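The file structure28.tsv comes next; it holds TSV, C-alpha atoms (C1' of nucleotides).
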chain	number	residue	atom	x	y	z
A	1	MET	CA	153.07	79.00	30.32
A	2	THR	CA	155.83	81.00	28.77
A	3	PRO	CA	159.14	79.16	28.82
A	4	SER	CA	162.20	80.85	30.22
A	5	GLY	CA	164.63	78.68	32.19
A	6	GLU	CA	167.91	77.07	31.23
A	7	ARG	CA	169.88	75.76	34.12
A	8	GLY	CA	172.74	73.37	34.63
A	9	GLU	CA	172.66	69.83	33.38
A	10	ALA	CA	171.24	66.94	35.31
A	11	GLY	CA	173.80	64.30	34.39
A	12	ALA	CA	177.54	64.05	34.73
A	13	GLY	CA	180.06	66.69	33.84
A	14	GLN	CA	179.68	69.59	31.53
A	15	ALA	CA	177.20	71.10	29.10
A	16	PRO	CA	177.10	69.20	25.81
A	17	LEU	CA	178.85	70.84	22.88
A	18	PRO	CA	175.74	71.31	20.72
A	19	ALA	CA	173.97	73.07	23.58
A	20	LEU	CA	176.93	75.37	24.06
A	21	LEU	CA	177.11	76.24	20.39
A	22	THR	CA	173.39	76.79	20.16
A	23	GLN	CA	173.31	79.04	23.16
A	24	ALA	CA	176.25	81.07	21.89
A	25	LYS	CA	174.54	81.44	18.53
A	26	ASN	CA	171.27	82.53	20.13
A	27	ILE	CA	173.01	85.14	22.23
A	28	THR	CA	174.78	86.50	19.18
A	29	ILE	CA	171.75	86.77	16.94
A	30	GLU	CA	169.67	88.23	19.72
A	31	LEU	CA	172.23	90.98	20.29
A	32	LEU	CA	172.55	91.55	16.57
A	33	HIS	CA	168.85	91.90	15.90
A	34	ARG	CA	168.17	94.00	18.94
A	35	ARG	CA	170.82	96.48	17.89
A	36	LEU	CA	169.67	96.39	14.27
A	37	GLY	CA	166.24	97.36	15.54
A	38	GLU	CA	167.68	100.16	17.63
A	39	ASP	CA	169.50	101.48	14.57
A	40	GLY	CA	166.24	101.70	12.65
A	41	PHE	CA	166.42	98.45	10.70
A	42	GLU	CA	163.13	96.96	11.75
A	43	GLY	CA	161.68	93.65	10.69
A	44	ILE	CA	164.92	91.91	9.85
A	45	ARG	CA	164.93	88.35	11.09
A	46	TYR	CA	167.62	85.72	11.36
A	47	ARG	CA	166.50	83.86	8.26
A	48	HIS	CA	166.92	87.01	6.16
A	49	GLY	CA	170.63	86.52	6.60
A	50	SER	CA	170.49	84.00	3.77
A	51	VAL	CA	169.77	86.90	1.44
A	52	PHE	CA	172.03	89.54	2.97
A	53	ARG	CA	174.96	87.16	3.22
A	54	PHE	CA	174.87	85.72	-0.25
A	55	ILE	CA	173.62	88.46	-2.53
A	56	ASP	CA	176.10	89.94	-5.02
A	57	GLU	CA	176.70	93.65	-5.21
A	58	GLU	CA	175.21	93.80	-8.69
A	59	GLY	CA	172.27	91.67	-7.58
A	60	SER	CA	171.66	87.95	-7.79
A	61	ARG	CA	169.12	85.55	-9.16
A	62	LEU	CA	166.78	83.68	-6.89
A	63	THR	CA	168.25	80.38	-7.98
A	64	VAL	CA	171.75	81.55	-7.16
A	65	LEU	CA	170.74	82.72	-3.70
A	66	ALA	CA	168.93	79.45	-3.04
A	67	ASP	CA	171.94	77.46	-4.12
A	68	ARG	CA	174.37	79.45	-2.01
A	69	ALA	CA	172.17	79.41	1.06
A	70	GLY	CA	171.45	75.70	0.77
A	71	LEU	CA	167.71	76.32	0.62
A	72	THR	CA	165.03	75.79	-1.99
A	73	LYS	CA	163.99	78.51	-4.43
A	74	GLN	CA	160.63	78.65	-2.72
A	75	ALA	CA	162.13	79.32	0.66
A	76	ILE	CA	164.32	82.12	-0.67
A	77	ALA	CA	161.41	83.54	-2.68
A	78	GLU	CA	159.48	84.05	0.52
A	79	LEU	CA	162.41	85.75	2.23
A	80	VAL	CA	162.79	88.04	-0.77
A	81	ASP	CA	159.06	88.81	-0.70
A	82	GLU	CA	159.37	89.88	2.91
A	83	LEU	CA	162.50	91.93	2.37
A	84	GLU	CA	160.89	93.57	-0.64
A	85	ARG	CA	157.87	94.54	1.45
A	86	LEU	CA	160.24	95.96	4.07
A	87	GLY	CA	162.09	97.93	1.43
A	88	TYR	CA	165.46	96.22	1.76
A	89	VAL	CA	165.47	94.59	-1.64
A	90	GLU	CA	163.98	95.05	-5.10
A	91	ARG	CA	163.29	92.72	-8.01
A	92	ALA	CA	164.07	93.64	-11.60
A	93	THR	CA	163.52	91.43	-14.64
A	94	ASP	CA	166.81	90.39	-16.16
A	95	PRO	CA	167.01	91.97	-19.65
A	96	LYS	CA	169.28	89.11	-20.79
A	97	ASP	CA	166.86	86.38	-19.66
A	98	ARG	CA	163.24	87.27	-19.29
A	99	ARG	CA	162.52	84.26	-17.10
A	100	ALA	CA	164.89	85.48	-14.45
A	101	LYS	CA	164.67	88.35	-12.02
A	102	ILE	CA	167.63	90.11	-10.54
A	103	ILE	CA	167.31	90.69	-6.80
A	104	ARG	CA	169.24	93.74	-5.68
A	105	LEU	CA	169.72	95.49	-2.34
A	106	THR	CA	168.12	98.93	-2.12
A	107	GLU	CA	169.88	101.82	-0.43
A	108	ARG	CA	168.26	100.79	2.79
A	109	GLY	CA	169.24	97.20	2.21
A	110	LEU	CA	172.86	98.16	1.72
A	111	ALA	CA	172.74	100.26	4.86
A	112	GLY	CA	171.27	97.35	6.81
A	113	GLN	CA	173.89	94.95	5.49
A	114	ALA	CA	176.63	97.36	6.52
A	115	ALA	CA	175.06	97.93	9.92
A	116	ALA	CA	174.88	94.19	10.58
A	117	ALA	CA	178.55	93.76	9.69
A	118	ARG	CA	179.49	96.66	11.91
A	119	ILE	CA	177.44	95.35	14.84
A	120	LEU	CA	178.94	91.89	14.58
A	121	VAL	CA	182.44	93.32	14.60
A	122	ASP	CA	181.46	95.36	17.62
A	123	ILE	CA	180.11	92.31	19.44
A	124	GLU	CA	183.39	90.51	18.90
A	125	ARG	CA	185.25	93.60	20.04
A	126	ARG	CA	183.27	93.73	23.27
A	127	TRP	CA	183.88	90.10	23.98
A	128	ALA	CA	187.56	90.63	23.29
A	129	LEU	CA	187.50	93.41	25.85
A	130	HIS	CA	186.45	90.93	28.53
A	131	LEU	CA	188.13	87.74	27.41
A	132	GLY	CA	191.08	88.96	25.42
A	133	GLN	CA	191.58	89.62	21.74
A	134	ASP	CA	193.51	86.41	21.22
A	135	ARG	CA	190.79	84.27	22.80
A	136	ILE	CA	188.15	85.59	20.41
A	137	ALA	CA	190.39	85.31	17.38
A	138	MET	CA	191.16	81.74	18.45
A	139	LEU	CA	187.47	80.94	18.87
A	140	ARG	CA	186.83	82.02	15.32
A	141	ARG	CA	189.81	80.17	13.91
A	142	THR	CA	189.03	77.00	15.80
A	143	MET	CA	185.49	76.91	14.52
A	144	GLU	CA	186.62	77.57	10.98
A	145	GLU	CA	189.09	74.72	11.23
A	146	ILE	CA	186.51	72.36	12.69
A	147	ILE	CA	184.20	73.17	9.82
A	148	ALA	CA	187.00	72.69	7.33
A	149	LEU	CA	187.90	69.39	9.00
A	150	GLN	CA	184.45	67.99	8.44
A	151	SER	CA	184.03	68.97	4.81
A	152	GLU	CA	187.06	66.99	3.66
B	1	MET	CA	165.23	71.02	-6.06
B	2	THR	CA	167.10	69.61	-3.12
B	3	PRO	CA	169.31	72.19	-1.44
B	4	SER	CA	172.92	71.40	-0.77
B	5	GLY	CA	175.43	74.22	-1.21
B	6	GLU	CA	177.16	76.50	1.23
B	7	ARG	CA	180.01	78.46	-0.16
B	8	GLY	CA	182.06	81.46	0.79
B	9	GLU	CA	180.49	84.82	1.48
B	10	ALA	CA	179.77	87.37	-1.17
B	11	GLY	CA	180.72	90.49	0.77
B	12	ALA	CA	183.82	91.65	2.53
B	13	GLY	CA	186.00	89.67	4.92
B	14	GLN	CA	185.01	86.67	6.93
B	15	ALA	CA	182.02	84.49	7.70
B	16	PRO	CA	179.63	86.06	10.21
B	17	LEU	CA	179.79	84.69	13.73
B	18	PRO	CA	176.23	83.32	13.84
B	19	ALA	CA	176.83	81.40	10.63
B	20	LEU	CA	180.02	79.94	12.04
B	21	LEU	CA	178.34	78.87	15.25
B	22	THR	CA	175.36	77.42	13.42
B	23	GLN	CA	177.53	75.44	11.06
B	24	ALA	CA	179.66	74.10	13.89
B	25	LYS	CA	176.52	73.07	15.75
B	26	ASN	CA	175.05	71.37	12.69
B	27	ILE	CA	178.24	69.43	12.09
B	28	THR	CA	178.30	68.27	15.69
B	29	ILE	CA	174.72	67.11	15.88
B	30	GLU	CA	174.95	65.43	12.53
B	31	LEU	CA	177.97	63.45	13.67
B	32	LEU	CA	176.28	62.66	16.97
B	33	HIS	CA	173.06	61.39	15.49
B	34	ARG	CA	174.71	59.45	12.72
B	35	ARG	CA	176.84	57.59	15.25
B	36	LEU	CA	173.91	57.10	17.60
B	37	GLY	CA	172.10	55.47	14.68
B	38	GLU	CA	175.10	53.25	13.95
B	39	ASP	CA	175.14	52.18	17.58
B	40	GLY	CA	171.53	51.03	17.36
B	41	PHE	CA	169.82	54.05	18.87
B	42	GLU	CA	167.41	54.82	16.08
B	43	GLY	CA	164.89	57.58	15.92
B	44	ILE	CA	166.56	59.98	18.32
B	45	ARG	CA	166.41	63.52	17.04
B	46	TYR	CA	168.08	66.72	18.12
B	47	ARG	CA	165.02	68.00	19.94
B	48	HIS	CA	164.94	64.89	22.13
B	49	GLY	CA	168.01	66.26	23.80
B	50	SER	CA	165.72	68.44	25.92
B	51	VAL	CA	164.55	65.28	27.64
B	52	PHE	CA	167.84	63.38	27.80
B	53	ARG	CA	169.74	66.39	29.04
B	54	PHE	CA	167.40	67.49	31.78
B	55	ILE	CA	165.82	64.34	33.16
B	56	ASP	CA	166.76	63.28	36.69
B	57	GLU	CA	168.03	59.82	37.43
B	58	GLU	CA	164.92	59.04	39.51
B	59	GLY	CA	162.70	60.50	36.80
B	60	SER	CA	161.21	63.94	36.40
B	61	ARG	CA	157.84	65.56	35.97
B	62	LEU	CA	156.80	67.01	32.66
B	63	THR	CA	156.59	70.48	34.19
B	64	VAL	CA	160.11	70.23	35.52
B	65	LEU	CA	161.50	69.14	32.16
B	66	ALA	CA	159.66	71.94	30.41
B	67	ASP	CA	160.97	74.48	32.84
B	68	ARG	CA	164.56	73.28	32.58
B	69	ALA	CA	164.50	73.07	28.82
B	70	GLY	CA	162.87	76.47	28.43
B	71	LEU	CA	159.96	74.97	26.49
B	72	THR	CA	156.24	74.65	27.13
B	73	LYS	CA	154.70	71.59	28.75
B	74	GLN	CA	153.00	70.84	25.46
B	75	ALA	CA	156.25	70.78	23.54
B	76	ILE	CA	157.91	68.47	26.04
B	77	ALA	CA	154.83	66.26	26.18
B	78	GLU	CA	155.18	65.55	22.49
B	79	LEU	CA	158.86	64.73	22.84
B	80	VAL	CA	158.05	62.36	25.66
B	81	ASP	CA	155.30	60.75	23.55
B	82	GLU	CA	157.81	60.08	20.82
B	83	LEU	CA	160.49	58.77	23.14
B	84	GLU	CA	157.93	56.56	24.83
B	85	ARG	CA	156.91	55.08	21.47
B	86	LEU	CA	160.61	54.48	20.75
B	87	GLY	CA	161.08	52.80	24.10
B	88	TYR	CA	163.55	55.25	25.58
B	89	VAL	CA	161.26	56.56	28.29
B	90	GLU	CA	158.27	55.49	30.36
B	91	ARG	CA	155.54	57.32	32.22
B	92	ALA	CA	154.38	56.35	35.68
B	93	THR	CA	151.74	58.07	37.74
B	94	ASP	CA	153.25	59.72	40.79
B	95	PRO	CA	151.84	57.98	43.89
B	96	LYS	CA	152.36	61.18	45.91
B	97	ASP	CA	150.39	63.33	43.48
B	98	ARG	CA	147.94	61.65	41.19
B	99	ARG	CA	147.82	64.58	38.80
B	100	ALA	CA	151.47	64.19	37.99
B	101	LYS	CA	153.36	61.58	36.04
B	102	ILE	CA	156.97	60.68	36.56
B	103	ILE	CA	158.92	60.36	33.34
B	104	ARG	CA	161.80	57.95	33.68
B	105	LEU	CA	164.47	56.64	31.30
B	106	THR	CA	164.17	52.95	30.44
B	107	GLU	CA	167.19	50.70	30.21
B	108	ARG	CA	167.45	51.59	26.58
B	109	GLY	CA	167.04	55.26	27.38
B	110	LEU	CA	169.89	55.14	29.86
B	111	ALA	CA	172.04	53.33	27.32
B	112	GLY	CA	171.25	55.97	24.72
B	113	GLN	CA	172.03	58.79	27.10
B	114	ALA	CA	175.37	57.19	27.96
B	115	ALA	CA	176.14	56.55	24.30
B	116	ALA	CA	175.46	60.19	23.42
B	117	ALA	CA	177.78	61.41	26.15
B	118	ARG	CA	180.47	58.98	25.05
B	119	ILE	CA	180.14	60.02	21.39
B	120	LEU	CA	180.36	63.72	22.21
B	121	VAL	CA	183.50	63.16	24.20
B	122	ASP	CA	184.88	61.20	21.30
B	123	ILE	CA	184.09	63.98	18.84
B	124	GLU	CA	185.95	66.46	21.00
B	125	ARG	CA	188.81	64.01	21.31
B	126	ARG	CA	189.07	63.67	17.55
B	127	TRP	CA	189.08	67.39	17.04
B	128	ALA	CA	191.75	67.69	19.70
B	129	LEU	CA	193.80	65.19	17.73
B	130	HIS	CA	193.87	67.55	14.76
B	131	LEU	CA	193.79	70.95	16.41
B	132	GLY	CA	195.32	70.31	19.80
B	133	GLN	CA	193.84	69.51	23.16
B	134	ASP	CA	194.30	73.07	24.42
B	135	ARG	CA	192.51	74.57	21.44
B	136	ILE	CA	189.40	72.49	22.06
B	137	ALA	CA	189.43	73.09	25.79
B	138	MET	CA	189.78	76.80	25.07
B	139	LEU	CA	186.87	76.70	22.61
B	140	ARG	CA	184.68	75.23	25.28
B	141	ARG	CA	185.81	77.65	27.98
B	142	THR	CA	185.47	80.67	25.74
B	143	MET	CA	181.92	79.83	24.80
B	144	GLU	CA	181.02	79.18	28.42
B	145	GLU	CA	182.43	82.56	29.37
B	146	ILE	CA	180.61	84.35	26.56
B	147	ILE	CA	177.38	82.78	27.70
B	148	ALA	CA	178.10	83.76	31.29
B	149	LEU	CA	178.94	87.27	30.16
B	150	GLN	CA	175.55	87.76	28.59
B	151	SER	CA	173.46	86.43	31.43
B	152	GLU	CA	174.77	88.97	33.93
C	1	DG	C1'	161.68	73.97	-35.26
C	2	DT	C1'	160.92	71.11	-31.96
C	3	DA	C1'	162.53	68.51	-27.67
C	4	DT	C1'	164.71	69.61	-23.41
C	5	DA	C1'	166.29	72.29	-19.53
C	6	DT	C1'	165.89	76.32	-16.53
C	7	DT	C1'	163.54	80.32	-13.97
C	8	DG	C1'	160.41	81.67	-10.71
C	9	DT	C1'	155.61	80.88	-8.80
C	10	DC	C1'	151.47	78.52	-6.82
C	11	DA	C1'	149.76	74.93	-3.75
C	12	DA	C1'	150.08	71.80	-0.17
C	13	DG	C1'	152.36	69.54	3.67
C	14	DC	C1'	155.32	68.66	7.72
C	15	DA	C1'	158.17	69.82	11.94
C	16	DG	C1'	158.67	72.19	15.97
C	17	DC	C1'	157.38	75.25	18.48
C	18	DC	C1'	153.51	78.54	20.60
C	19	DT	C1'	148.85	80.28	23.07
C	20	DG	C1'	144.39	79.19	24.96
C	21	DA	C1'	141.19	76.31	27.36
C	22	DC	C1'	140.23	72.59	30.01
C	23	DG	C1'	139.13	68.40	33.68
C	24	DA	C1'	141.31	66.23	37.46
C	25	DA	C1'	143.71	66.47	41.55
C	26	DA	C1'	146.05	68.98	45.45
C	27	DC	C1'	146.29	72.78	48.61
C	28	DG	C1'	145.00	76.48	51.94
C	29	DG	C1'	142.11	79.40	54.77
C	30	DG	C1'	137.89	79.85	57.05
D	1	DC	C1'	135.32	69.88	56.40
D	2	DC	C1'	134.26	72.68	52.33
D	3	DC	C1'	135.18	75.67	48.75
D	4	DG	C1'	138.11	78.89	46.07
D	5	DT	C1'	142.61	78.81	44.02
D	6	DT	C1'	146.58	76.71	42.15
D	7	DT	C1'	149.04	73.09	39.72
D	8	DC	C1'	149.22	68.77	36.82
D	9	DG	C1'	148.99	67.06	32.20
D	10	DT	C1'	146.19	67.06	27.86
D	11	DC	C1'	143.39	68.55	23.78
D	12	DA	C1'	142.79	71.85	20.07
D	13	DG	C1'	144.34	75.18	17.05
D	14	DG	C1'	147.80	78.35	15.06
D	15	DC	C1'	152.29	80.23	13.35
D	16	DT	C1'	156.96	79.89	11.26
D	17	DG	C1'	160.28	78.11	8.39
D	18	DC	C1'	161.23	75.02	5.78
D	19	DT	C1'	160.06	70.94	2.33
D	20	DT	C1'	158.20	68.33	-2.21
D	21	DG	C1'	155.41	68.52	-6.35
D	22	DA	C1'	153.57	70.69	-10.37
D	23	DC	C1'	153.45	74.26	-13.59
D	24	DA	C1'	153.64	78.37	-17.37
D	25	DA	C1'	156.99	81.14	-19.48
D	26	DT	C1'	161.22	81.40	-21.49
D	27	DA	C1'	165.87	80.00	-23.13
D	28	DT	C1'	168.92	76.49	-25.22
D	29	DA	C1'	170.53	72.56	-28.16
D	30	DC	C1'	170.34	69.69	-31.86
Would you encode the structure as structure tokens?
Amino acid sequence: MTPSGERGEAGAGQAPLPALLTQAKNITIELLHRRLGEDGFEGIRYRHGSVFRFIDEEGSRLTVLADRAGLTKQAIAELVDELERLGYVERATDPKDRRAKIIRLTERGLAGQAAAARILVDIERRWALHLGQDRIAMLRRTMEEIIALQSE
Amino acid sequence: MTPSGERGEAGAGQAPLPALLTQAKNITIELLHRRLGEDGFEGIRYRHGSVFRFIDEEGSRLTVLADRAGLTKQAIAELVDELERLGYVERATDPKDRRAKIIRLTERGLAGQAAAARILVDIERRWALHLGQDRIAMLRRTMEEIIALQSE
DNA sequence: GTATATTGTCAAGCAGCCTGACGAAACGGG
DNA sequence: CCCGTTTCGTCAGGCTGCTTGACAATATAC
């Protein structure tokens, strides 16, 4: 009763684009989080990326993070709660605005952020080793351009 | 209180790979489902792809679909319920095995499946128009090879 | 100085999956 | 042929990751 499979398609031709993209994404985040765990950064999940990716060096407000991540304040608040419990992030009341709280990476949070970046670079490097540097660079550029194309 | 954003990264360099892949996927499925809707195929959601993608022409059992999609029987059962309500699929008891039910695409289901395939080809074609045929073919091949690389 | 907007939190709900347990039907060995 | 085991689909309940709605505390504008 535990799912596993994934095989070829039933119908004509080739795997649909969304399936390909999804599978590639899943592979990437699985590698990333496994290696984060191995490096001692336990408990970090994919969703936490919304904080790590968008937080400013000097810290950011909840509202700002929510806006950047395209999520609600409530959703981000829960992520921050979790990361705070795990010791990656800390909240401090903004002295300029006592409604707001500044969310800042702790030492460990900074280390985790750096580790993630390093691991992702390494993943790309290993793919480049098998498929060629230019192929991987092209993959990245093509996706960026597709995304740019759509947001016109 | 409705999220929207998505902007550049805070930290160094470039967008992380998983974010890129996710965004590309989201763009694709959004285009796909919008155009499916325009073509009169209402109510189809991303998750329904697990049925449309893996169902055999003569129909398939629930268990088979679940296995192929990498989901539980229960998850697929709910998808099939929905698609049945929408008229894309029908259940028939297997005469060979009265425990089992054969899930088969209706006329409308077949039309929807064909439309989806056609739209996806068209999306790729339009990207190729802007970025070049070779770039899009390469994108596809590179992702396929990355996926193959990981499942060694 | 008071109306209005903004910040973060509490509560509740929905989607999309999961695990567990089950009756009905098929299968396999004696 | 009968009975234990396996396989089919379903029912019930739970978890995760998000949503909308409502709110007290605080800041801002006129």
With chain B held fixed, move chain A onto it by a least-squares fit of all C-alpha atoms in order and give the output as a tab-separated table (two decimals) with C-alpha atoms, in the coordinates of the input.
chain	number	residue	atom	x	y	z
A	1	MET	CA	165.37	71.14	-6.15
A	2	THR	CA	167.20	69.75	-3.19
A	3	PRO	CA	169.41	72.33	-1.52
A	4	SER	CA	173.03	71.54	-0.86
A	5	GLY	CA	175.53	74.38	-1.30
A	6	GLU	CA	177.22	76.65	1.20
A	7	ARG	CA	180.08	78.62	-0.19
A	8	GLY	CA	182.06	81.66	0.80
A	9	GLU	CA	180.44	84.97	1.54
A	10	ALA	CA	179.68	87.57	-1.06
A	11	GLY	CA	180.57	90.67	0.94
A	12	ALA	CA	183.67	91.84	2.72
A	13	GLY	CA	185.82	89.82	5.04
A	14	GLN	CA	184.94	86.75	6.95
A	15	ALA	CA	181.99	84.50	7.70
A	16	PRO	CA	179.62	86.06	10.23
A	17	LEU	CA	179.79	84.67	13.75
A	18	PRO	CA	176.23	83.30	13.84
A	19	ALA	CA	176.83	81.39	10.62
A	20	LEU	CA	180.01	79.91	12.03
A	21	LEU	CA	178.33	78.83	15.23
A	22	THR	CA	175.38	77.39	13.40
A	23	GLN	CA	177.52	75.42	11.03
A	24	ALA	CA	179.65	74.07	13.86
A	25	LYS	CA	176.51	73.04	15.72
A	26	ASN	CA	175.06	71.32	12.66
A	27	ILE	CA	178.25	69.38	12.07
A	28	THR	CA	178.29	68.25	15.68
A	29	ILE	CA	174.70	67.09	15.87
A	30	GLU	CA	174.94	65.39	12.52
A	31	LEU	CA	177.96	63.39	13.66
A	32	LEU	CA	176.29	62.63	16.97
A	33	HIS	CA	173.06	61.34	15.49
A	34	ARG	CA	174.72	59.38	12.75
A	35	ARG	CA	176.84	57.54	15.27
A	36	LEU	CA	173.90	57.07	17.62
A	37	GLY	CA	172.11	55.41	14.73
A	38	GLU	CA	175.09	53.21	14.00
A	39	ASP	CA	175.16	52.13	17.64
A	40	GLY	CA	171.56	50.98	17.44
A	41	PHE	CA	169.83	54.02	18.92
A	42	GLU	CA	167.43	54.75	16.11
A	43	GLY	CA	164.89	57.52	15.95
A	44	ILE	CA	166.58	59.92	18.32
A	45	ARG	CA	166.41	63.46	17.04
A	46	TYR	CA	168.07	66.68	18.12
A	47	ARG	CA	165.00	67.97	19.94
A	48	HIS	CA	164.94	64.86	22.14
A	49	GLY	CA	168.01	66.26	23.80
A	50	SER	CA	165.72	68.44	25.88
A	51	VAL	CA	164.56	65.28	27.62
A	52	PHE	CA	167.85	63.39	27.80
A	53	ARG	CA	169.74	66.42	29.05
A	54	PHE	CA	167.40	67.52	31.77
A	55	ILE	CA	165.80	64.39	33.16
A	56	ASP	CA	166.75	63.37	36.71
A	57	GLU	CA	168.02	59.91	37.46
A	58	GLU	CA	164.94	59.13	39.53
A	59	GLY	CA	162.70	60.57	36.83
A	60	SER	CA	161.20	64.01	36.39
A	61	ARG	CA	157.84	65.61	35.94
A	62	LEU	CA	156.78	67.04	32.63
A	63	THR	CA	156.54	70.50	34.11
A	64	VAL	CA	160.07	70.27	35.46
A	65	LEU	CA	161.47	69.16	32.12
A	66	ALA	CA	159.60	71.94	30.33
A	67	ASP	CA	160.91	74.51	32.75
A	68	ARG	CA	164.50	73.33	32.50
A	69	ALA	CA	164.44	73.08	28.73
A	70	GLY	CA	162.81	76.47	28.30
A	71	LEU	CA	159.90	74.96	26.40
A	72	THR	CA	156.19	74.63	27.03
A	73	LYS	CA	154.67	71.56	28.67
A	74	GLN	CA	152.98	70.74	25.40
A	75	ALA	CA	156.21	70.72	23.48
A	76	ILE	CA	157.89	68.43	26.00
A	77	ALA	CA	154.81	66.20	26.15
A	78	GLU	CA	155.17	65.49	22.46
A	79	LEU	CA	158.86	64.69	22.80
A	80	VAL	CA	158.05	62.33	25.66
A	81	ASP	CA	155.31	60.69	23.58
A	82	GLU	CA	157.82	60.01	20.84
A	83	LEU	CA	160.51	58.74	23.17
A	84	GLU	CA	157.96	56.53	24.89
A	85	ARG	CA	156.95	55.03	21.55
A	86	LEU	CA	160.63	54.43	20.80
A	87	GLY	CA	161.12	52.76	24.16
A	88	TYR	CA	163.57	55.25	25.63
A	89	VAL	CA	161.29	56.57	28.34
A	90	GLU	CA	158.30	55.50	30.41
A	91	ARG	CA	155.57	57.36	32.27
A	92	ALA	CA	154.42	56.38	35.74
A	93	THR	CA	151.76	58.15	37.80
A	94	ASP	CA	153.29	59.83	40.81
A	95	PRO	CA	151.89	58.08	43.92
A	96	LYS	CA	152.37	61.31	45.92
A	97	ASP	CA	150.41	63.45	43.45
A	98	ARG	CA	147.95	61.75	41.19
A	99	ARG	CA	147.87	64.66	38.76
A	100	ALA	CA	151.52	64.25	37.97
A	101	LYS	CA	153.39	61.61	36.04
A	102	ILE	CA	156.99	60.74	36.59
A	103	ILE	CA	158.95	60.39	33.35
A	104	ARG	CA	161.85	57.99	33.72
A	105	LEU	CA	164.51	56.67	31.34
A	106	THR	CA	164.19	52.97	30.52
A	107	GLU	CA	167.23	50.73	30.30
A	108	ARG	CA	167.47	51.59	26.66
A	109	GLY	CA	167.06	55.25	27.43
A	110	LEU	CA	169.90	55.16	29.91
A	111	ALA	CA	172.06	53.34	27.40
A	112	GLY	CA	171.27	55.95	24.76
A	113	GLN	CA	172.04	58.80	27.13
A	114	ALA	CA	175.37	57.21	27.98
A	115	ALA	CA	176.15	56.54	24.33
A	116	ALA	CA	175.46	60.17	23.41
A	117	ALA	CA	177.79	61.40	26.16
A	118	ARG	CA	180.47	58.99	25.05
A	119	ILE	CA	180.15	59.99	21.39
A	120	LEU	CA	180.36	63.68	22.19
A	121	VAL	CA	183.50	63.14	24.22
A	122	ASP	CA	184.89	61.17	21.32
A	123	ILE	CA	184.09	63.93	18.84
A	124	GLU	CA	185.96	66.42	20.98
A	125	ARG	CA	188.82	63.97	21.29
A	126	ARG	CA	189.07	63.62	17.53
A	127	TRP	CA	189.07	67.33	17.02
A	128	ALA	CA	191.74	67.65	19.67
A	129	LEU	CA	193.79	65.14	17.72
A	130	HIS	CA	193.84	67.50	14.73
A	131	LEU	CA	193.78	70.90	16.37
A	132	GLY	CA	195.32	70.28	19.74
A	133	GLN	CA	193.84	69.47	23.11
A	134	ASP	CA	194.31	73.00	24.39
A	135	ARG	CA	192.50	74.54	21.41
A	136	ILE	CA	189.40	72.44	22.02
A	137	ALA	CA	189.43	73.02	25.76
A	138	MET	CA	189.77	76.74	25.04
A	139	LEU	CA	186.87	76.66	22.58
A	140	ARG	CA	184.66	75.19	25.25
A	141	ARG	CA	185.80	77.58	27.94
A	142	THR	CA	185.46	80.61	25.71
A	143	MET	CA	181.91	79.75	24.80
A	144	GLU	CA	181.00	79.11	28.41
A	145	GLU	CA	182.42	82.48	29.37
A	146	ILE	CA	180.60	84.25	26.55
A	147	ILE	CA	177.37	82.69	27.71
A	148	ALA	CA	178.10	83.64	31.29
A	149	LEU	CA	178.94	87.17	30.17
A	150	GLN	CA	175.54	87.66	28.62
A	151	SER	CA	173.43	86.32	31.46
A	152	GLU	CA	174.73	88.88	33.95
### Query
Once you count only C-alpha atoms (C1' of nucleotides), which residues of chain B turn out to be within 12 Å of chain D? Could you give them as a PyMOL selection string?
chain B and resi 1-3+61-64+66+72-78+81+91+93-94+97-102
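Distance-wise, atom CA of Ala137 of chain B and atom CA of Arg68 of chain B end up 25.8 Å apart.
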### Task
Rounded to one decimal place, report the atom CA of Val80 of chain A-atom CA of Leu31 of chain A distance in Å.
23.3 Å
### Query
Would you list which chain C residues are within 12 Å of chain A using only C-alpha atoms (C1' of nucleotides), as number ranges by chain?
C: 6-11, 17-20
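Atom CA of Tyr88 of chain A is positioned 7.5 Å from atom CA of Glu107 of chain A.
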